[in-house]
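K.L.:
Below is the structure I would like to discuss, written out as structure tokens.
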Amino acid sequence: MDDVITDIPPPSRLLLEDLNNFTPPPPHLPSPFLVLSSAESKKTLRPSLLIIAMSSPSLHFLHHLSSKTLIGTLVLPEIPFAGNSIEPSLRDKSCNIYTINDADKMIMFVLVQYSVTSERAHAVARVLIGEKIIPQRVLILDSVQSRNFRGKLSPDETIAFKLETSLERENVGDVSLVKGFDYYPSGSVVDGLAAALLSRCQLMKIKGTLCVSWPDLGAPVMSLVKSLLARDVLTGIDYTVDKNYENEYLRLSRRKDRIDSDLYT
Amino acid sequence: MEFHRDEGKQLNPNYSTLILPALSIGNVGQLAVDLLISSLNADKIGYLDDPNVLPCVGNDAYSPSPLGKLALPLEAYESSSSALTIVQQRSPVIKGKMIEYAKNMASFAAANGKKHVVILSSLDFGRWKNVNMSSGLQVYYLSSSNVDGTDAECERLGWHRLQDYNPAQRTWKYLDALAEEGSVPDEDFLLEELGDEDYYPSLPFAALFSCFKAKGLKVTCLLCYCSEGDNIPEAFDMAEATGRRIGLSHDEFHGNGAGKWITPFSWQSVYGPPADMTLF
């Protein structure tokens, strides 16, 4: 049962240290930076589409694309490499960058497999969009954050919403990248890295879409995200997917369900 | 802090009054700004990008049928009928970065022709020393008009200057020093334990007050006491007080009938979803 006294207050409520002008600032951290293959490091990268995956279904699907090429990684200095494997793995704490080339179009994927604090999100967004990488269009895939969602969320119901930059929403001379999704309800917010990325797109006047799905695990949400990517986003792109990914994902979903069970809280 | 204007829009250099909220208990300043933007039918001019503000995005907070217009953490609006600029802040400042944020906001205001800044904020009811409920919610203020914080217009409106304000008090003086360009925080001060007399100058509205003053702008802070809870009634009172202070007439509001206020659409879920009635 929720403890109304000691539970974390809803996001609109501020703690005393949030309201204190003299709270010491956080320790200074070195800036995040990109490490790219020598072929890519000398030029500005201009993908037709940049996909940034943060939700479990999107990470899982894109990780298992066989036809992608690893071109680099984003290093967040406070995240240690210890425990990472030589070959990219979904268990790594990493933020690898891949491409798929199709005719004259380059599509880039970023798989964000570590947690980026809200305080660092602005800096990470700047590195991923608008400096070395200048995409024509951006798609961000994240999960609905229950603490910020003002409606009802049921673990049995799969839902997804989108938010778009002005340029994407007005889609002059083009169609929306993501079709068939309602806009995120007014009154609810998305924060963290996903918000920083979409904000960066808005400010730099780049077509950008943020899709948030719920829940984070399970076959129905995987099916929804896979359908979005296969039907709307990667249409016409020649790619292959490792056949085992669905079984692996379902095993991961079941394992997480057992760990997260609060039946005996 | 960078200002990014919307296509075809620009800040009007002749709008010399700026209204903005300061983060506070109960979020009354932010709620009051929401009401003003909605009821004056203010037009979004652009966004402010500041690395000291935590990121957030959402759907349009005001339209009755939100059509996906993106909302960002810091947005600048203008009301042409009232000739004023309003900045809304939707997410917190990174801990320890309030002074930097206040300096950036003051630089933005000064660079864009603002002469009078009205800061809206609330204070913890637990700190209210002389309880006087006889005349309903009491509005307090702090002004740069006089050294002692008083302002003739606010007094005429029947408001009281912030209790115990003393510009010579060490923390207010320290804030004034920090607000100057090139200032460096005093590490010894930061390590000292703050007492009761340090409470008001430790609050975000005080940082904004000092930084706007340092830029030579006239500043009026409008304050009310509240507790955490449903603070919408305080927001209405604060918005009403703001309208009186800057001389807004009834005609400038777009509410229907006798009520001039338009409640933002996003307020329908401001305190979360309704209770699960299937329990009953």
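We label chains A, B, ... in the order they appear in the structure tokens, count residues from 1 in each chain, and number ligands from 1 in the order shown.
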Kindly provide the residues of chain B that approach chain A to within 9 Å, each paired with its closest atom pair and their distance in Å to one decimal, based on only C-alpha atoms, listed by chain and increasing number, as CSV.
P.N.:
```
residue,atom,partner,partner_atom,distance
B:His4,CA,A:Leu203,CA,6.3
B:Arg5,CA,A:Leu203,CA,8.7
B:Leu23,CA,A:Leu19,CA,6.9
B:Ser24,CA,A:Leu19,CA,6.6
B:Ile25,CA,A:Leu14,CA,6.6
B:Gly26,CA,A:Arg13,CA,7.0
B:Asn27,CA,A:Ser12,CA,7.3
B:Tyr47,CA,A:Leu203,CA,7.7
B:Asp49,CA,A:Leu203,CA,8.1
B:Pro51,CA,A:His122,CA,6.3
B:Asn52,CA,A:Glu119,CA,8.2
B:Val53,CA,A:Glu119,CA,8.4
B:Leu54,CA,A:Ser118,CA,6.2
B:Pro55,CA,A:Ala196,CA,5.2
B:Cys56,CA,A:Asp191,CA,4.2
B:Val57,CA,A:Ala195,CA,5.3
B:Gly58,CA,A:Val189,CA,4.7
B:Asn59,CA,A:Ser186,CA,4.8
B:Asp60,CA,A:Ser186,CA,6.0
B:Ala61,CA,A:Ser186,CA,5.7
B:Tyr62,CA,A:Ser186,CA,8.4
B:Pro66,CA,A:Ser186,CA,6.6
B:Leu67,CA,A:Tyr183,CA,7.3
B:Gly68,CA,A:Tyr183,CA,5.7
B:Lys69,CA,A:Ser166,CA,6.9
B:Leu70,CA,A:Thr165,CA,6.3
B:Ala71,CA,A:Ser199,CA,8.9
B:Leu72,CA,A:Ser199,CA,6.7
B:Pro73,CA,A:Ser199,CA,8.8
B:Arg90,CA,A:Ser12,CA,9.0
B:Ser91,CA,A:Ser12,CA,8.1
B:Pro92,CA,A:Asp18,CA,7.5
B:Val93,CA,A:Asp18,CA,7.5
B:Ile94,CA,A:Glu119,CA,6.5
B:Lys95,CA,A:Asp18,CA,5.6
B:Gly96,CA,A:Pro25,CA,3.7
B:Lys97,CA,A:Pro25,CA,6.1
B:Met98,CA,A:Asn21,CA,5.5
B:Ile99,CA,A:Asn21,CA,6.4
B:Leu175,CA,A:Asn21,CA,8.9
B:Phe189,CA,A:Phe22,CA,8.9
B:Leu190,CA,A:Phe22,CA,6.3
B:Tyr199,CA,A:Asn20,CA,8.7
B:Pro201,CA,A:Asn21,CA,8.0
B:Ser202,CA,A:Asn21,CA,5.1
B:Leu203,CA,A:Asn20,CA,5.4
B:Pro204,CA,A:Leu19,CA,6.0
B:Ala206,CA,A:Asn21,CA,8.4
B:Ala207,CA,A:Asn21,CA,6.8
B:Glu228,CA,A:Arg13,CA,8.0
B:Phe265,CA,A:Ser186,CA,7.3
B:Ser266,CA,A:Gly187,CA,4.3
B:Trp267,CA,A:Gly187,CA,6.6
B:Gln268,CA,A:Gly187,CA,7.5
B:Ser269,CA,A:Arg150,CA,5.8
B:Val270,CA,A:Gly187,CA,6.2
B:Tyr271,CA,A:Arg150,CA,7.5
B:Gly272,CA,A:Arg150,CA,4.5
B:Pro273,CA,A:Gly151,CA,4.9
B:Pro274,CA,A:Gly151,CA,8.3
```
K.L.:
Go ahead and dump the residues you just picked, C-alpha atoms, as a PDB file, in the first residue's frame.
P.N.:
```pdb
ATOM      1  CA  HIS B   4      14.465  30.863 -29.741  1.00  0.00           C
ATOM      2  CA  ARG B   5      11.539  32.603 -31.344  1.00  0.00           C
ATOM      3  CA  LEU B  23       9.527  28.112  -7.822  1.00  0.00           C
ATOM      4  CA  SER B  24       7.867  27.767  -4.455  1.00  0.00           C
ATOM      5  CA  ILE B  25       5.895  25.548  -2.129  1.00  0.00           C
ATOM      6  CA  GLY B  26       2.495  24.907  -3.668  1.00  0.00           C
ATOM      7  CA  ASN B  27       3.680  26.071  -7.121  1.00  0.00           C
ATOM      8  CA  TYR B  47      11.245  29.366 -25.968  1.00  0.00           C
ATOM      9  CA  ASP B  49      16.859  27.463 -23.433  1.00  0.00           C
ATOM     10  CA  PRO B  51      21.105  24.504 -19.168  1.00  0.00           C
ATOM     11  CA  ASN B  52      20.225  25.112 -15.500  1.00  0.00           C
ATOM     12  CA  VAL B  53      16.574  24.122 -15.978  1.00  0.00           C
ATOM     13  CA  LEU B  54      15.692  20.426 -16.017  1.00  0.00           C
ATOM     14  CA  PRO B  55      14.189  19.216 -19.293  1.00  0.00           C
ATOM     15  CA  CYS B  56      10.531  18.395 -19.772  1.00  0.00           C
ATOM     16  CA  VAL B  57       8.071  18.291 -22.676  1.00  0.00           C
ATOM     17  CA  GLY B  58       4.318  17.986 -22.918  1.00  0.00           C
ATOM     18  CA  ASN B  59       1.238  18.724 -24.969  1.00  0.00           C
ATOM     19  CA  ASP B  60      -0.328  22.191 -25.181  1.00  0.00           C
ATOM     20  CA  ALA B  61      -1.438  23.186 -21.681  1.00  0.00           C
ATOM     21  CA  TYR B  62      -4.115  25.689 -22.672  1.00  0.00           C
ATOM     22  CA  PRO B  66      -4.905  20.058 -27.361  1.00  0.00           C
ATOM     23  CA  LEU B  67      -3.612  19.431 -30.845  1.00  0.00           C
ATOM     24  CA  GLY B  68      -0.085  18.492 -29.993  1.00  0.00           C
ATOM     25  CA  LYS B  69       1.567  21.918 -29.777  1.00  0.00           C
ATOM     26  CA  LEU B  70       4.769  21.136 -27.935  1.00  0.00           C
ATOM     27  CA  ALA B  71       5.306  22.669 -24.491  1.00  0.00           C
ATOM     28  CA  LEU B  72       8.858  23.136 -23.241  1.00  0.00           C
ATOM     29  CA  PRO B  73      10.260  24.075 -19.791  1.00  0.00           C
ATOM     30  CA  ARG B  90       7.402  24.256 -16.083  1.00  0.00           C
ATOM     31  CA  SER B  91      10.265  22.346 -14.477  1.00  0.00           C
ATOM     32  CA  PRO B  92      12.690  22.867 -11.604  1.00  0.00           C
ATOM     33  CA  VAL B  93      16.133  24.380 -11.651  1.00  0.00           C
ATOM     34  CA  ILE B  94      19.045  21.990 -11.113  1.00  0.00           C
ATOM     35  CA  LYS B  95      19.911  21.918  -7.400  1.00  0.00           C
ATOM     36  CA  GLY B  96      22.542  24.526  -6.626  1.00  0.00           C
ATOM     37  CA  LYS B  97      22.059  26.435  -9.880  1.00  0.00           C
ATOM     38  CA  MET B  98      19.360  28.903  -8.848  1.00  0.00           C
ATOM     39  CA  ILE B  99      21.653  31.942  -8.766  1.00  0.00           C
ATOM     40  CA  LEU B 175      22.514  37.564  -2.383  1.00  0.00           C
ATOM     41  CA  PHE B 189      28.919  31.203   3.987  1.00  0.00           C
ATOM     42  CA  LEU B 190      27.696  28.069   2.271  1.00  0.00           C
ATOM     43  CA  TYR B 199      14.759  31.646   5.265  1.00  0.00           C
ATOM     44  CA  PRO B 201      16.469  35.216   1.168  1.00  0.00           C
ATOM     45  CA  SER B 202      17.185  31.510   0.613  1.00  0.00           C
ATOM     46  CA  LEU B 203      14.073  31.153  -1.572  1.00  0.00           C
ATOM     47  CA  PRO B 204      14.078  31.318  -5.405  1.00  0.00           C
ATOM     48  CA  ALA B 206      14.796  36.277  -3.583  1.00  0.00           C
ATOM     49  CA  ALA B 207      17.469  35.184  -6.077  1.00  0.00           C
ATOM     50  CA  GLU B 228       0.999  22.080   0.041  1.00  0.00           C
ATOM     51  CA  PHE B 265      -7.220  22.594 -20.015  1.00  0.00           C
ATOM     52  CA  SER B 266      -4.223  20.882 -18.408  1.00  0.00           C
ATOM     53  CA  TRP B 267      -5.585  21.681 -14.942  1.00  0.00           C
ATOM     54  CA  GLN B 268      -8.166  18.923 -15.346  1.00  0.00           C
ATOM     55  CA  SER B 269      -5.467  16.431 -14.353  1.00  0.00           C
ATOM     56  CA  VAL B 270      -3.112  18.640 -12.326  1.00  0.00           C
ATOM     57  CA  TYR B 271      -3.553  16.529  -9.198  1.00  0.00           C
ATOM     58  CA  GLY B 272      -3.489  13.192 -10.950  1.00  0.00           C
ATOM     59  CA  PRO B 273      -6.248  10.918 -12.206  1.00  0.00           C
ATOM     60  CA  PRO B 274      -9.562  10.686 -10.360  1.00  0.00           C
TER      61      PRO B 274
END
```
K.L.:
Pick out the residues sitting within 7 Å of region 238-241 of chain A, and hand them over as a list in words; count only C-alpha atoms, and ignore anything fewer than 2 positions along from it in its own chain.
P.N.:
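Counting only C-alpha atoms, the residues come to His64, Leu65, Ser66, Ser67, Asp102, Gly236 and Lys243 of chain A.
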K.L.:
Suppose we keep all heavy atoms; can you now write the selection as a compact mmCIF listing (two decimals), in the first residue's frame?
P.N.:
```txt
# COMPACT_ATOMS: atom_id res chain seq x y z
N HIS A 64 18.79 -6.23 -32.43
CA HIS A 64 18.77 -7.48 -33.21
C HIS A 64 18.67 -7.25 -34.71
O HIS A 64 18.50 -8.22 -35.46
CB HIS A 64 17.62 -8.37 -32.72
CG HIS A 64 17.92 -9.03 -31.41
ND1 HIS A 64 18.67 -10.18 -31.32
CD2 HIS A 64 17.61 -8.68 -30.14
CE1 HIS A 64 18.78 -10.53 -30.03
NE2 HIS A 64 18.15 -9.64 -29.31
N LEU A 65 18.78 -6.01 -35.17
CA LEU A 65 18.87 -5.79 -36.62
C LEU A 65 20.24 -6.28 -37.08
O LEU A 65 21.28 -5.82 -36.62
CB LEU A 65 18.75 -4.29 -36.94
CG LEU A 65 17.39 -3.63 -36.85
CD1 LEU A 65 17.47 -2.19 -37.37
CD2 LEU A 65 16.36 -4.39 -37.69
N SER A 66 20.23 -7.23 -38.02
CA SER A 66 21.49 -7.83 -38.45
C SER A 66 22.24 -6.93 -39.41
O SER A 66 23.46 -7.05 -39.56
CB SER A 66 21.22 -9.16 -39.14
OG SER A 66 20.29 -9.91 -38.40
N SER A 67 21.51 -6.05 -40.08
CA SER A 67 22.13 -5.33 -41.19
C SER A 67 22.70 -3.98 -40.78
O SER A 67 22.94 -3.12 -41.62
CB SER A 67 21.09 -5.13 -42.29
OG SER A 67 19.80 -4.96 -41.74
N ASP A 102 20.86 2.84 -47.00
CA ASP A 102 19.92 2.35 -48.01
C ASP A 102 19.96 3.33 -49.17
O ASP A 102 19.52 4.48 -49.03
CB ASP A 102 18.51 2.28 -47.42
CG ASP A 102 17.52 1.67 -48.39
OD1 ASP A 102 17.58 0.45 -48.61
OD2 ASP A 102 16.72 2.43 -48.95
N GLY A 236 10.59 0.40 -46.76
CA GLY A 236 11.43 0.54 -47.93
C GLY A 236 12.91 0.33 -47.64
O GLY A 236 13.71 0.31 -48.58
N LYS A 243 16.24 -13.85 -35.87
CA LYS A 243 14.96 -14.52 -35.60
C LYS A 243 14.73 -14.80 -34.12
O LYS A 243 13.61 -15.06 -33.70
CB LYS A 243 14.88 -15.83 -36.39
CG LYS A 243 14.74 -15.64 -37.89
CD LYS A 243 14.61 -17.01 -38.58
CE LYS A 243 14.45 -16.88 -40.09
NZ LYS A 243 15.53 -16.14 -40.73
```
K.L.:
Could you pull the residues within 12 Å of Asn96 (chain A), counting only C-alpha atoms, minus those fewer than 3 positions along the same chain, as a VMD selection string?
P.N.:
chain A and resid 34 to 37 51 to 54 59 62 to 63 68 to 76 84 87 to 90 92 to 93 99 108 to 114 128
K.L.:
Please produce a file of those selected residues containing N, CA and C atoms, as a tab-separated table (two decimals), in the first residue's frame.
P.N.:
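Written file, out-v3.tsv:
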```tsv
chain	number	residue	atom	x	y	z
A	34	LEU	N	31.59	12.04	-28.15
A	34	LEU	CA	31.44	10.95	-29.12
A	34	LEU	C	32.80	10.34	-29.45
A	35	VAL	N	32.81	9.03	-29.61
A	35	VAL	CA	33.98	8.34	-30.17
A	35	VAL	C	33.48	7.64	-31.42
A	36	LEU	N	34.02	8.05	-32.56
A	36	LEU	CA	33.53	7.50	-33.84
A	36	LEU	C	34.66	6.79	-34.58
A	37	SER	N	34.27	5.88	-35.46
A	37	SER	CA	35.27	5.20	-36.29
A	37	SER	C	36.00	6.24	-37.12
A	51	ILE	N	17.40	7.64	-35.08
A	51	ILE	CA	16.50	6.98	-34.13
A	51	ILE	C	17.25	6.81	-32.82
A	52	ILE	N	16.66	7.31	-31.74
A	52	ILE	CA	17.30	7.18	-30.42
A	52	ILE	C	16.39	6.30	-29.56
A	53	ALA	N	16.90	5.12	-29.24
A	53	ALA	CA	16.08	4.13	-28.53
A	53	ALA	C	16.45	4.10	-27.06
A	54	MET	N	15.42	4.18	-26.21
A	54	MET	CA	15.63	4.11	-24.78
A	54	MET	C	14.73	3.07	-24.12
A	59	LEU	N	14.97	-0.95	-27.81
A	59	LEU	CA	16.37	-1.38	-27.70
A	59	LEU	C	16.51	-2.81	-28.20
A	62	LEU	N	16.00	-3.05	-32.18
A	62	LEU	CA	17.09	-2.46	-32.96
A	62	LEU	C	18.42	-3.17	-32.71
A	63	HIS	N	18.62	-3.67	-31.50
A	63	HIS	CA	19.85	-4.42	-31.22
A	63	HIS	C	19.94	-5.65	-32.12
A	68	LYS	N	22.93	-3.76	-39.50
A	68	LYS	CA	23.44	-2.45	-39.06
A	68	LYS	C	24.96	-2.50	-38.88
A	69	THR	N	25.58	-1.33	-38.91
A	69	THR	CA	27.04	-1.20	-38.75
A	69	THR	C	27.33	-0.32	-37.55
A	70	LEU	N	28.19	-0.80	-36.67
A	70	LEU	CA	28.58	-0.01	-35.50
A	70	LEU	C	29.59	1.04	-35.95
A	71	ILE	N	29.29	2.32	-35.68
A	71	ILE	CA	30.22	3.37	-36.11
A	71	ILE	C	30.80	4.16	-34.94
A	72	GLY	N	30.27	3.97	-33.76
A	72	GLY	CA	30.83	4.73	-32.65
A	72	GLY	C	30.01	4.57	-31.39
A	73	THR	N	30.35	5.41	-30.43
A	73	THR	CA	29.66	5.35	-29.13
A	73	THR	C	29.69	6.72	-28.47
A	74	LEU	N	28.73	6.97	-27.58
A	74	LEU	CA	28.75	8.21	-26.80
A	74	LEU	C	29.24	7.86	-25.41
A	75	VAL	N	30.28	8.52	-24.98
A	75	VAL	CA	30.85	8.24	-23.66
A	75	VAL	C	30.34	9.27	-22.67
A	76	LEU	N	29.74	8.75	-21.59
A	76	LEU	CA	29.33	9.60	-20.47
A	76	LEU	C	30.34	9.29	-19.37
A	84	ASN	N	31.22	-4.45	-19.34
A	84	ASN	CA	30.79	-4.45	-20.74
A	84	ASN	C	31.55	-5.51	-21.52
A	87	GLU	N	31.89	-7.57	-27.80
A	87	GLU	CA	30.83	-7.42	-28.79
A	87	GLU	C	29.64	-6.72	-28.13
A	88	PRO	N	28.96	-5.83	-28.83
A	88	PRO	CA	27.83	-5.14	-28.21
A	88	PRO	C	26.80	-6.13	-27.67
A	89	SER	N	26.35	-5.83	-26.46
A	89	SER	CA	25.36	-6.70	-25.82
A	89	SER	C	24.32	-5.83	-25.14
A	90	LEU	N	23.10	-6.33	-25.05
A	90	LEU	CA	22.04	-5.57	-24.39
A	90	LEU	C	22.30	-5.42	-22.89
A	92	ASP	N	25.20	-4.46	-21.73
A	92	ASP	CA	26.23	-3.43	-21.54
A	92	ASP	C	25.61	-2.13	-21.06
A	93	LYS	N	26.44	-1.39	-20.32
A	93	LYS	CA	26.09	0.01	-20.02
A	93	LYS	C	26.79	0.82	-21.11
A	99	THR	N	24.67	2.55	-38.05
A	99	THR	CA	24.02	3.05	-39.25
A	99	THR	C	23.47	1.89	-40.06
A	108	MET	N	20.64	6.47	-38.84
A	108	MET	CA	21.47	6.19	-37.67
A	108	MET	C	20.59	5.76	-36.50
A	109	PHE	N	21.12	4.81	-35.70
A	109	PHE	CA	20.43	4.43	-34.47
A	109	PHE	C	21.36	4.69	-33.30
A	110	VAL	N	20.81	5.17	-32.23
A	110	VAL	CA	21.56	5.27	-30.99
A	110	VAL	C	20.82	4.42	-29.96
A	111	LEU	N	21.52	3.46	-29.38
A	111	LEU	CA	20.88	2.61	-28.38
A	111	LEU	C	21.38	3.04	-27.00
A	112	VAL	N	20.53	3.74	-26.27
A	112	VAL	CA	20.92	4.29	-24.98
A	112	VAL	C	20.68	3.23	-23.91
A	113	GLN	N	21.74	2.58	-23.50
A	113	GLN	CA	21.61	1.47	-22.56
A	113	GLN	C	22.12	1.81	-21.17
A	114	TYR	N	22.30	3.08	-20.89
A	114	TYR	CA	22.58	3.46	-19.50
A	114	TYR	C	21.64	4.58	-19.11
A	128	LEU	N	24.36	14.61	-29.09
A	128	LEU	CA	23.71	13.71	-30.05
A	128	LEU	C	23.05	14.45	-31.21
```
K.L.:
Just list as a list in words whatever in region 179-227 of chain B DSSP marks as helix (DSSP H, G or I).
P.N.:
Glu187, Asp188, Phe189, Leu190, Leu191, Asp196, Glu197, Asp198, Tyr200, Pro201, Ser202, Pro204, Phe205, Ala206, Ala207, Leu208, Phe209, Ser210, Cys211, Phe212, Lys213 and Ala214 of chain B
K.L.:
If you count only C-alpha atoms, which residues fall within 10 Å of Leu217 (chain B), apart from same-chain ones fewer than 3 positions away, as JSON, numbers by chain?
P.N.:
{"B": [106, 109, 110, 113, 114, 115, 116, 117, 144, 145, 209, 211, 212, 213, 214, 220]}
K.L.:
For the residues selected in the previous step, produce a file with N, CA, C and O atoms as a PDB file, in the first residue's frame.
P.N.:
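Writing done, so here's out11.pdb:
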```pdb
ATOM      1  N   ALA B 106      17.696  37.457 -15.642  1.00  0.00           N
ATOM      2  CA  ALA B 106      17.821  38.909 -15.537  1.00  0.00           C
ATOM      3  C   ALA B 106      18.496  39.491 -16.780  1.00  0.00           C
ATOM      4  O   ALA B 106      18.104  40.547 -17.289  1.00  0.00           O
ATOM      5  N   ALA B 109      15.942  39.587 -19.559  1.00  0.00           N
ATOM      6  CA  ALA B 109      14.965  40.665 -19.386  1.00  0.00           C
ATOM      7  C   ALA B 109      15.579  42.017 -19.751  1.00  0.00           C
ATOM      8  O   ALA B 109      14.982  42.830 -20.458  1.00  0.00           O
ATOM      9  N   ALA B 110      16.790  42.236 -19.279  1.00  0.00           N
ATOM     10  CA  ALA B 110      17.440  43.521 -19.533  1.00  0.00           C
ATOM     11  C   ALA B 110      17.727  43.696 -21.023  1.00  0.00           C
ATOM     12  O   ALA B 110      17.571  44.791 -21.575  1.00  0.00           O
ATOM     13  N   GLY B 113      14.479  44.812 -23.283  1.00  0.00           N
ATOM     14  CA  GLY B 113      13.717  46.039 -23.054  1.00  0.00           C
ATOM     15  C   GLY B 113      12.758  46.012 -21.890  1.00  0.00           C
ATOM     16  O   GLY B 113      11.848  46.844 -21.808  1.00  0.00           O
ATOM     17  N   LYS B 114      12.917  45.076 -20.969  1.00  0.00           N
ATOM     18  CA  LYS B 114      11.990  45.032 -19.831  1.00  0.00           C
ATOM     19  C   LYS B 114      12.420  46.065 -18.785  1.00  0.00           C
ATOM     20  O   LYS B 114      13.602  46.222 -18.497  1.00  0.00           O
ATOM     21  N   LYS B 115      11.411  46.765 -18.243  1.00  0.00           N
ATOM     22  CA  LYS B 115      11.719  47.777 -17.238  1.00  0.00           C
ATOM     23  C   LYS B 115      11.157  47.386 -15.873  1.00  0.00           C
ATOM     24  O   LYS B 115      11.684  47.774 -14.839  1.00  0.00           O
ATOM     25  N   HIS B 116      10.030  46.676 -15.873  1.00  0.00           N
ATOM     26  CA  HIS B 116       9.381  46.286 -14.621  1.00  0.00           C
ATOM     27  C   HIS B 116       9.132  44.792 -14.672  1.00  0.00           C
ATOM     28  O   HIS B 116       8.501  44.293 -15.599  1.00  0.00           O
ATOM     29  N   VAL B 117       9.642  44.090 -13.662  1.00  0.00           N
ATOM     30  CA  VAL B 117       9.466  42.638 -13.595  1.00  0.00           C
ATOM     31  C   VAL B 117       8.598  42.321 -12.382  1.00  0.00           C
ATOM     32  O   VAL B 117       8.867  42.815 -11.277  1.00  0.00           O
ATOM     33  N   SER B 144      11.611  46.802  -5.292  1.00  0.00           N
ATOM     34  CA  SER B 144      12.893  47.511  -5.399  1.00  0.00           C
ATOM     35  C   SER B 144      12.684  49.022  -5.436  1.00  0.00           C
ATOM     36  O   SER B 144      13.655  49.774  -5.541  1.00  0.00           O
ATOM     37  N   SER B 145      11.430  49.466  -5.339  1.00  0.00           N
ATOM     38  CA  SER B 145      11.151  50.911  -5.441  1.00  0.00           C
ATOM     39  C   SER B 145      11.890  51.694  -4.358  1.00  0.00           C
ATOM     40  O   SER B 145      12.419  52.781  -4.600  1.00  0.00           O
ATOM     41  N   PHE B 209      14.791  38.355  -7.412  1.00  0.00           N
ATOM     42  CA  PHE B 209      14.678  39.752  -6.961  1.00  0.00           C
ATOM     43  C   PHE B 209      16.037  40.438  -6.999  1.00  0.00           C
ATOM     44  O   PHE B 209      16.186  41.524  -7.567  1.00  0.00           O
ATOM     45  N   CYS B 211      18.839  39.546  -8.553  1.00  0.00           N
ATOM     46  CA  CYS B 211      19.489  39.588  -9.875  1.00  0.00           C
ATOM     47  C   CYS B 211      18.829  40.614 -10.789  1.00  0.00           C
ATOM     48  O   CYS B 211      19.522  41.312 -11.546  1.00  0.00           O
ATOM     49  N   PHE B 212      17.519  40.737 -10.733  1.00  0.00           N
ATOM     50  CA  PHE B 212      16.865  41.767 -11.549  1.00  0.00           C
ATOM     51  C   PHE B 212      17.255  43.160 -11.056  1.00  0.00           C
ATOM     52  O   PHE B 212      17.496  44.078 -11.837  1.00  0.00           O
ATOM     53  N   LYS B 213      17.321  43.305  -9.726  1.00  0.00           N
ATOM     54  CA  LYS B 213      17.746  44.598  -9.156  1.00  0.00           C
ATOM     55  C   LYS B 213      19.133  44.971  -9.626  1.00  0.00           C
ATOM     56  O   LYS B 213      19.400  46.128  -9.970  1.00  0.00           O
ATOM     57  N   ALA B 214      20.023  43.975  -9.660  1.00  0.00           N
ATOM     58  CA  ALA B 214      21.416  44.229 -10.064  1.00  0.00           C
ATOM     59  C   ALA B 214      21.499  44.734 -11.499  1.00  0.00           C
ATOM     60  O   ALA B 214      22.457  45.412 -11.879  1.00  0.00           O
ATOM     61  N   THR B 220       8.973  43.804  -8.604  1.00  0.00           N
ATOM     62  CA  THR B 220       7.942  43.656  -7.581  1.00  0.00           C
ATOM     63  C   THR B 220       7.694  42.171  -7.396  1.00  0.00           C
ATOM     64  O   THR B 220       7.355  41.476  -8.354  1.00  0.00           O
TER      65      THR B 220
END
```
K.L.:
What is the distance, in Å and to one decimal place, between CA of Ser81 (chain B) and CA of Leu11 (chain B)?
P.N.:
14.3 Å
K.L.:
One decimal, in Å: what's the spacing between CA of Pro264 (chain B) and CA of Leu35 (chain B)?
P.N.:
6.6 Å
K.L.:
Please provide as a ChimeraX atom specification all residues within 8 Å of Lys226 (chain A), with the sequence filter that same-chain residues fewer than 2 positions apart are discarded (counting only C-alpha atoms).
P.N.:
/A:57-58,61,222-224,228-230
K.L.:
Can you pull out the residues contacting Glu252 (chain B)? Cut-off 10 Å, using only C-alpha atoms, and skip same-chain residues under 6 positions away; I want them as a ChimeraX atom specification.
P.N.:
/B:39-41,79-82,243,260
K.L.:
Keeping only N, CA and C atoms, take the residues you just selected and write them out as a PDB file, in the first residue's frame.
P.N.:
```pdb
ATOM      1  N   SER B  39      -6.111  33.237 -19.686  1.00  0.00           N
ATOM      2  CA  SER B  39      -7.228  34.188 -19.640  1.00  0.00           C
ATOM      3  C   SER B  39      -6.977  35.434 -20.477  1.00  0.00           C
ATOM      4  N   LEU B  40      -5.711  35.792 -20.667  1.00  0.00           N
ATOM      5  CA  LEU B  40      -5.389  36.924 -21.531  1.00  0.00           C
ATOM      6  C   LEU B  40      -5.233  36.480 -22.983  1.00  0.00           C
ATOM      7  N   ASN B  41      -5.377  35.166 -23.194  1.00  0.00           N
ATOM      8  CA  ASN B  41      -5.187  34.602 -24.534  1.00  0.00           C
ATOM      9  C   ASN B  41      -3.833  35.027 -25.111  1.00  0.00           C
ATOM     10  N   SER B  79       0.967  39.290 -24.487  1.00  0.00           N
ATOM     11  CA  SER B  79      -0.422  39.689 -24.632  1.00  0.00           C
ATOM     12  C   SER B  79      -0.427  41.062 -25.275  1.00  0.00           C
ATOM     13  N   SER B  80      -0.904  41.136 -26.509  1.00  0.00           N
ATOM     14  CA  SER B  80      -0.868  42.421 -27.212  1.00  0.00           C
ATOM     15  C   SER B  80      -1.886  43.387 -26.598  1.00  0.00           C
ATOM     16  N   SER B  81      -3.019  42.864 -26.118  1.00  0.00           N
ATOM     17  CA  SER B  81      -4.036  43.761 -25.544  1.00  0.00           C
ATOM     18  C   SER B  81      -3.529  44.383 -24.245  1.00  0.00           C
ATOM     19  N   SER B  82      -2.681  43.671 -23.538  1.00  0.00           N
ATOM     20  CA  SER B  82      -2.178  44.178 -22.252  1.00  0.00           C
ATOM     21  C   SER B  82      -0.746  44.680 -22.354  1.00  0.00           C
ATOM     22  N   GLY B 243      -3.103  41.243 -11.703  1.00  0.00           N
ATOM     23  CA  GLY B 243      -3.888  42.105 -12.586  1.00  0.00           C
ATOM     24  C   GLY B 243      -4.089  43.482 -11.980  1.00  0.00           C
ATOM     25  N   LYS B 260     -13.854  36.244 -15.381  1.00  0.00           N
ATOM     26  CA  LYS B 260     -12.931  36.630 -16.443  1.00  0.00           C
ATOM     27  C   LYS B 260     -11.844  35.597 -16.663  1.00  0.00           C
TER      28      LYS B 260
END
```
